[in-house]
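Shown below: upload-v7.txt, with compact mmCIF, C-alpha atoms.
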```
# COMPACT_ATOMS: atom_id res chain seq x y z
CA MET A 1 -18.84 -3.32 6.86
CA ASP A 2 -21.36 -6.19 6.68
CA GLY A 3 -21.41 -7.62 3.17
CA LYS A 4 -18.34 -5.64 2.09
CA VAL A 5 -15.36 -7.37 0.46
CA VAL A 6 -11.87 -6.13 1.33
CA ILE A 7 -8.35 -6.89 0.09
CA ILE A 8 -5.40 -5.95 2.29
CA THR A 9 -1.87 -6.49 1.01
CA GLY A 10 0.83 -7.30 3.55
CA ALA A 11 -1.84 -8.25 6.08
CA ASN A 12 0.18 -10.84 7.98
CA THR A 13 1.93 -8.32 10.24
CA GLY A 14 1.91 -4.80 11.64
CA ILE A 15 -0.71 -2.26 10.62
CA GLY A 16 -1.96 -4.53 7.85
CA LYS A 17 -2.90 -7.25 10.32
CA GLU A 18 -4.47 -4.75 12.69
CA SER A 19 -6.54 -3.38 9.80
CA ALA A 20 -7.66 -6.90 8.94
CA ILE A 21 -8.74 -7.55 12.54
CA ASP A 22 -10.67 -4.29 12.73
CA LEU A 23 -12.46 -4.63 9.38
CA ALA A 24 -13.27 -8.30 10.01
CA ARG A 25 -14.69 -7.33 13.41
CA ARG A 26 -16.96 -4.87 11.59
CA GLY A 27 -18.30 -7.72 9.44
CA ALA A 28 -16.20 -7.42 6.28
CA LYS A 29 -15.10 -10.40 4.22
CA VAL A 30 -11.33 -9.97 4.26
CA TYR A 31 -8.77 -11.30 1.80
CA MET A 32 -5.21 -11.15 3.12
CA GLY A 33 -2.71 -10.91 0.26
CA CYS A 34 0.65 -12.11 1.62
CA ARG A 35 3.84 -13.55 0.19
CA ASP A 36 4.64 -16.17 2.85
CA LYS A 37 2.05 -18.98 3.10
CA LYS A 38 2.96 -20.11 6.62
CA ARG A 39 2.93 -16.62 8.10
CA GLY A 40 -0.15 -15.71 6.11
CA GLU A 41 -2.11 -18.69 7.41
CA GLU A 42 -0.98 -18.04 10.99
CA ALA A 43 -2.10 -14.42 10.70
CA ARG A 44 -5.41 -15.46 9.15
CA LEU A 45 -6.21 -17.69 12.12
CA GLU A 46 -5.27 -14.89 14.52
CA VAL A 47 -7.54 -12.43 12.69
CA ILE A 48 -10.42 -14.92 12.86
CA GLU A 49 -9.84 -15.52 16.56
CA LYS A 50 -9.61 -11.83 17.48
CA SER A 51 -12.45 -10.65 15.24
CA GLY A 52 -14.88 -13.54 15.67
CA ASN A 53 -15.42 -13.46 11.90
CA PRO A 54 -14.72 -16.72 9.99
CA HIS A 55 -14.82 -14.99 6.59
CA VAL A 56 -11.10 -14.22 6.46
CA TYR A 57 -8.95 -15.72 3.72
CA PHE A 58 -5.26 -15.93 2.89
CA ARG A 59 -4.29 -15.70 -0.77
CA PRO A 60 -0.67 -15.80 -2.02
CA LEU A 61 0.56 -12.49 -3.38
CA ASP A 62 4.15 -11.50 -4.07
CA LEU A 63 4.33 -7.85 -5.03
CA ALA A 64 7.88 -8.40 -6.28
CA SER A 65 6.47 -10.54 -9.11
CA MET A 66 4.24 -9.23 -11.89
CA ALA A 67 3.21 -12.83 -12.61
CA SER A 68 2.12 -13.38 -9.00
CA ILE A 69 0.10 -10.14 -9.05
CA ARG A 70 -1.65 -11.10 -12.28
CA THR A 71 -2.45 -14.56 -10.90
CA PHE A 72 -3.79 -13.11 -7.64
CA ALA A 73 -6.07 -10.67 -9.48
CA ALA A 74 -7.36 -13.30 -11.90
CA ASN A 75 -8.08 -15.78 -9.12
CA PHE A 76 -9.81 -13.13 -7.02
CA LYS A 77 -12.11 -12.23 -9.92
CA ASN A 78 -13.02 -15.89 -10.25
CA GLU A 79 -13.95 -15.99 -6.55
CA GLU A 80 -15.69 -12.66 -6.03
CA THR A 81 -18.12 -10.48 -7.95
CA ARG A 82 -17.38 -7.33 -5.93
CA LEU A 83 -14.58 -5.43 -4.21
CA ASP A 84 -15.42 -2.60 -1.85
CA VAL A 85 -12.04 -1.72 -0.36
CA LEU A 86 -8.53 -2.27 -1.72
CA MET A 87 -5.94 -1.43 0.93
CA ASN A 88 -2.47 -1.25 -0.62
CA ASN A 89 -0.58 -1.69 2.63
CA ALA A 90 2.43 -3.91 1.94
CA GLY A 91 5.88 -2.42 1.62
CA VAL A 92 9.62 -2.70 2.08
CA MET A 93 11.77 -0.04 3.70
CA MET A 94 15.38 1.11 3.31
CA ILE A 95 16.63 -2.29 2.20
CA PRO A 96 20.04 -3.07 0.68
CA LYS A 97 19.97 -2.90 -3.10
CA CYS A 98 18.20 -5.85 -4.68
CA HIS A 99 15.73 -6.42 -7.49
CA THR A 100 12.31 -7.89 -8.05
CA GLU A 101 11.66 -10.90 -10.27
CA ASP A 102 11.11 -8.49 -13.15
CA GLY A 103 14.32 -6.51 -12.59
CA PHE A 104 12.86 -3.52 -10.72
CA GLU A 105 14.74 -1.97 -7.82
CA MET A 106 12.93 -3.58 -4.90
CA GLN A 107 11.53 -0.47 -3.19
CA ILE A 108 10.06 1.20 -6.28
CA GLY A 109 9.07 -2.27 -7.50
CA VAL A 110 7.13 -3.46 -4.44
CA ASN A 111 5.96 -0.19 -2.94
CA HIS A 112 4.80 1.39 -6.18
CA MET A 113 4.89 -0.77 -9.32
CA GLY A 114 3.37 -3.84 -7.66
CA HIS A 115 0.45 -1.90 -6.22
CA PHE A 116 0.07 0.08 -9.46
CA LEU A 117 -0.46 -3.13 -11.41
CA LEU A 118 -2.66 -4.77 -8.77
CA THR A 119 -4.93 -1.73 -8.53
CA ASN A 120 -5.35 -1.40 -12.27
CA LEU A 121 -6.14 -5.10 -12.66
CA LEU A 122 -8.91 -4.76 -10.06
CA LEU A 123 -10.34 -1.43 -11.21
CA ASP A 124 -13.19 -2.98 -13.17
CA LEU A 125 -14.42 -4.78 -10.06
CA LEU A 126 -14.03 -1.66 -7.91
CA LYS A 127 -16.06 0.35 -10.43
CA LYS A 128 -18.73 -2.34 -10.53
CA SER A 129 -18.96 -2.25 -6.71
CA ALA A 130 -19.04 1.55 -6.37
CA PRO A 131 -19.07 3.38 -4.08
CA SER A 132 -15.74 1.75 -3.31
CA ARG A 133 -12.38 2.84 -1.95
CA ILE A 134 -8.67 2.45 -2.67
CA ILE A 135 -6.24 3.22 0.15
CA ASN A 136 -2.52 3.67 -0.50
CA VAL A 137 -0.18 3.54 2.49
CA SER A 138 2.54 6.12 1.89
CA SER A 139 4.77 7.79 4.47
CA LEU A 140 6.06 11.12 5.66
CA ALA A 141 9.29 9.82 4.10
CA HIS A 142 7.90 11.07 0.77
CA SER A 143 9.35 14.41 1.91
CA MET A 144 12.84 12.93 1.38
CA GLY A 145 11.94 11.68 -2.09
CA GLN A 146 12.27 12.94 -5.62
CA ILE A 147 11.21 11.07 -8.74
CA ASN A 148 14.45 10.50 -10.62
CA LYS A 149 13.35 10.50 -14.26
CA ALA A 150 16.85 9.73 -15.45
CA ASP A 151 17.35 6.78 -13.10
CA LEU A 152 13.98 5.66 -11.71
CA ASN A 153 15.31 2.13 -11.24
CA SER A 154 18.45 3.31 -9.38
CA ASP A 155 20.69 1.54 -11.90
CA LYS A 156 23.34 4.28 -11.90
CA SER A 157 23.46 4.84 -8.15
CA TYR A 158 21.58 3.61 -5.10
CA ASN A 159 20.87 5.12 -1.73
CA ARG A 160 18.43 3.09 0.34
CA ILE A 161 16.92 6.15 2.05
CA SER A 162 16.45 8.13 -1.18
CA ALA A 163 15.01 5.09 -2.94
CA TYR A 164 12.51 4.58 -0.13
CA GLY A 165 11.51 8.25 -0.24
CA GLN A 166 11.06 8.04 -4.01
CA SER A 167 8.78 5.00 -3.66
CA LYS A 168 6.64 6.69 -1.00
CA LEU A 169 6.40 9.86 -3.11
CA ALA A 170 5.30 7.64 -5.99
CA ASN A 171 2.43 6.36 -3.82
CA ILE A 172 1.02 9.88 -3.47
CA LEU A 173 1.56 10.84 -7.12
CA PHE A 174 -0.17 7.59 -8.15
CA THR A 175 -3.05 8.47 -5.82
CA ARG A 176 -3.49 11.91 -7.37
CA GLU A 177 -3.37 10.71 -10.97
CA LEU A 178 -5.67 7.77 -10.29
CA ALA A 179 -8.17 10.05 -8.55
CA ARG A 180 -8.20 12.26 -11.64
CA ARG A 181 -8.81 9.26 -13.90
CA LEU A 182 -11.60 7.96 -11.65
CA GLU A 183 -13.61 11.19 -11.53
CA GLY A 184 -17.32 10.42 -11.71
CA THR A 185 -16.98 6.70 -11.00
CA LYS A 186 -17.71 6.79 -7.25
CA VAL A 187 -14.38 5.00 -6.68
CA THR A 188 -12.21 7.06 -4.37
CA VAL A 189 -8.49 6.80 -3.73
CA ASN A 190 -6.52 8.39 -0.91
CA ALA A 191 -3.00 8.09 0.50
CA LEU A 192 -1.81 8.26 4.09
CA HIS A 193 1.09 8.42 6.50
CA PRO A 194 0.42 5.93 9.33
CA GLY A 195 2.87 7.54 11.72
CA VAL A 196 6.11 6.17 13.11
CA VAL A 197 5.01 2.65 13.93
CA ASN A 198 6.97 -0.04 15.75
CA THR A 199 6.72 -2.87 13.20
CA GLU A 200 8.94 -5.28 11.28
CA LEU A 201 9.21 -2.72 8.48
CA ALA A 202 12.26 -1.22 10.21
CA ARG A 203 14.24 -4.48 10.13
CA HIS A 204 16.49 -3.20 7.33
CA PHE A 205 17.35 0.11 8.95
CA PRO A 206 21.08 0.88 8.89
CA ALA A 207 22.96 -0.39 11.95
CA PHE A 208 23.66 3.12 13.26
CA PHE A 209 19.91 3.69 13.55
CA HIS A 210 19.32 0.61 15.65
CA PHE A 211 22.19 1.31 18.05
CA ILE A 212 22.04 5.09 18.32
CA LEU A 213 18.67 6.46 17.27
CA ARG A 214 16.13 3.72 17.78
CA PRO A 215 16.06 3.76 21.62
CA ALA A 216 15.03 7.42 21.53
CA MET A 217 12.36 6.65 18.94
CA TYR A 218 10.39 4.56 21.42
CA THR A 219 9.09 7.80 22.93
CA ILE A 220 7.21 8.59 19.68
CA TYR A 221 6.51 5.12 18.32
CA LYS A 222 2.90 4.15 17.72
CA THR A 223 1.71 0.62 18.31
CA PRO A 224 0.53 -1.20 15.17
CA LYS A 225 -3.07 -0.85 16.37
CA SER A 226 -2.65 2.90 16.77
CA GLY A 227 -0.78 3.20 13.47
CA ALA A 228 -3.58 1.42 11.60
CA GLN A 229 -6.27 3.92 12.61
CA THR A 230 -5.82 6.33 9.68
CA GLN A 231 -6.20 3.65 7.01
CA ILE A 232 -9.12 2.13 8.92
CA ARG A 233 -10.86 5.51 8.96
CA LEU A 234 -10.29 5.86 5.21
CA ALA A 235 -11.90 2.45 4.74
CA VAL A 236 -14.99 2.90 6.90
CA ASP A 237 -15.91 6.53 7.62
CA PRO A 238 -19.08 7.48 5.67
CA VAL A 239 -18.05 11.15 5.86
CA LEU A 240 -15.19 10.35 3.48
CA GLU A 241 -17.29 8.62 0.81
CA ASP A 242 -16.72 11.40 -1.74
CA VAL A 243 -13.23 12.47 -0.63
CA THR A 244 -10.57 11.48 -3.14
CA GLY A 245 -7.03 12.31 -4.22
CA LYS A 246 -6.05 13.44 -0.73
CA TYR A 247 -3.30 12.68 1.78
CA PHE A 248 -4.06 11.89 5.43
CA SER A 249 -2.05 11.71 8.64
CA ASP A 250 -3.26 11.09 12.21
CA CYS A 251 -6.76 10.35 10.91
CA LYS A 252 -7.20 13.76 9.26
CA GLU A 253 -6.39 15.36 5.94
CA ALA A 254 -2.88 16.81 5.73
CA LYS A 255 -0.84 18.65 3.13
CA PRO A 256 1.98 16.63 1.54
CA ARG A 257 5.26 18.15 0.42
CA PRO A 258 5.25 20.24 -2.79
CA GLN A 259 6.83 17.46 -4.89
CA ALA A 260 3.78 15.31 -4.10
CA LEU A 261 1.49 17.91 -5.70
CA ASP A 262 3.22 17.88 -9.11
CA ASP A 263 0.52 16.70 -11.51
CA GLU A 264 2.86 16.72 -14.50
CA MET A 265 5.18 14.35 -12.67
CA ALA A 266 2.21 12.22 -11.64
CA ALA A 267 1.18 11.85 -15.29
CA TRP A 268 4.76 11.03 -16.32
CA LEU A 269 5.03 8.41 -13.57
CA TRP A 270 1.72 6.85 -14.61
CA ASN A 271 2.86 6.47 -18.22
CA GLU A 272 6.21 5.06 -17.14
CA SER A 273 4.50 2.62 -14.78
CA VAL A 274 2.28 1.37 -17.60
CA LYS A 275 5.42 0.58 -19.62
CA TRP A 276 7.21 -1.11 -16.71
CA THR A 277 4.25 -3.32 -15.75
CA LYS A 278 3.19 -3.98 -19.36
CA LEU A 279 -0.31 -3.02 -18.28
CA GLU A 280 -1.65 -2.51 -21.76
CA GLY A 281 -0.47 -5.99 -22.71
```
Would you encode the structure as structure tokens?
Amino acid sequence: MDGKVVIITGANTGIGKESAIDLARRGAKVYMGCRDKKRGEEARLEVIEKSGNPHVYFRPLDLASMASIRTFAANFKNEETRLDVLMNNAGVMMIPKCHTEDGFEMQIGVNHMGHFLLTNLLLDLLKKSAPSRIINVSSLAHSMGQINKADLNSDKSYNRISAYGQSKLANILFTRELARRLEGTKVTVNALHPGVVNTELARHFPAFFHFILRPAMYTIYKTPKSGAQTQIRLAVDPVLEDVTGKYFSDCKEAKPRPQALDDEMAAWLWNESVKWTKLEG
């Protein structure tokens, strides 16, 4: 990865931080897009220490704010003339109902809309740097999701598990539609399920999970380092240079659920996302 420039969102913890350490160790110049300055700087220093690479940078990025995303992208373009890997890793999971700065339900807002806008704002740089790669961290939880056309923002009713599943399904549908739009550009985009990883992402799980189910889950939990391996492979493996629009799990291509293969829904979601994020403006 010598000479390559990488952005990783949510890189201050979990599989995002492990990805940053690995890619920095391979020689990449890594930009860590994180919301919290203190935690972001602490993670940056840890990545430098563990990788031996001083070219690791924290930049503020709040995916719950369209303004923050636009500022991050504009500042990055002023700093860099290339972008080889965009790893859309950040996310929230099964949280109580709340909204982003722009009024989006938090899970669809952060997990999908935020990364949708960020990716589109950086597409020109990714195309200029081709061959380049976009990596979207989804989840097996997409199998629990359906895109609710009538209530995408969960205004009428809210279930934290269904909303999370919807947002993770949106990640795969976004991947498929973006891959179609990027045909011939040498910019690839793939989605992945990292596995069941023991990270801070589970901090909003319902209480019954923590007290009843979680102890049993430790038998199947992956460490963050293990959980990061699929997205790392998607970032670095030369065999995958021309692979795009696919879904991976356990470092190999897998078949997502049927609702994740609905190209009509993917096109509808793209158009809706453009409206929500005011992309054309």
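Here CA of Ala266 (chain A) and CA of Leu152 (chain A) stand 13.5 Å from one another.
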Region 1-11 of chain A environment, 8 Å, all atoms listed in the file, sequence neighbours closer than 3 positions dropped, as a PyMOL selection string:
chain A and resi 14-20+23+26-35+40+43+61+82-91+236
Any idea what's packed within 10 Å of region 223-230 of chain A, counting only C-alpha atoms, ignoring anything in its chain fewer than 4 positions away? Could you give it as an MDAnalysis selection string?
chainID A and resid 13:22 89 137 191:199 234:235 248:253
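Among A:Val189, A:Met94, A:Ile48, A:Ile108, the residue with the shortest atom-to-atom distance to Leu240 (chain A), counting all atoms listed in the file, is A:Val189.
Shortest atom-to-atom contact with Thr71 (chain A) among A:Lys50, A:Leu121, A:Val187, A:Lys275: A:Leu121, counting only C-alpha atoms.
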Nearby residues, (12.0, -7.8, -5.6) file frame, 10 Å, all atoms listed in the file, as a list in words
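Residues with an atom close enough to that point: Asp62, Leu63, Ala64, Ser65, Val92, Lys97, Cys98, His99, Thr100, Glu101, Asp102, Gly103, Phe104, Glu105, Met106, Gln107, Ile108, Gly109, Val110 and Gly114 of chain A.
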Nearby residues, (-1.9, -4.3, -10.5) file frame, 7 Å, only C-alpha atoms, as a ChimeraX atom specification
/A:69,114-121
Give me, please, the distance in Å between CA of Lys77 (chain A) and CA of Tyr57 (chain A), quoted to one decimal.
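It comes out at 14.4 Å.
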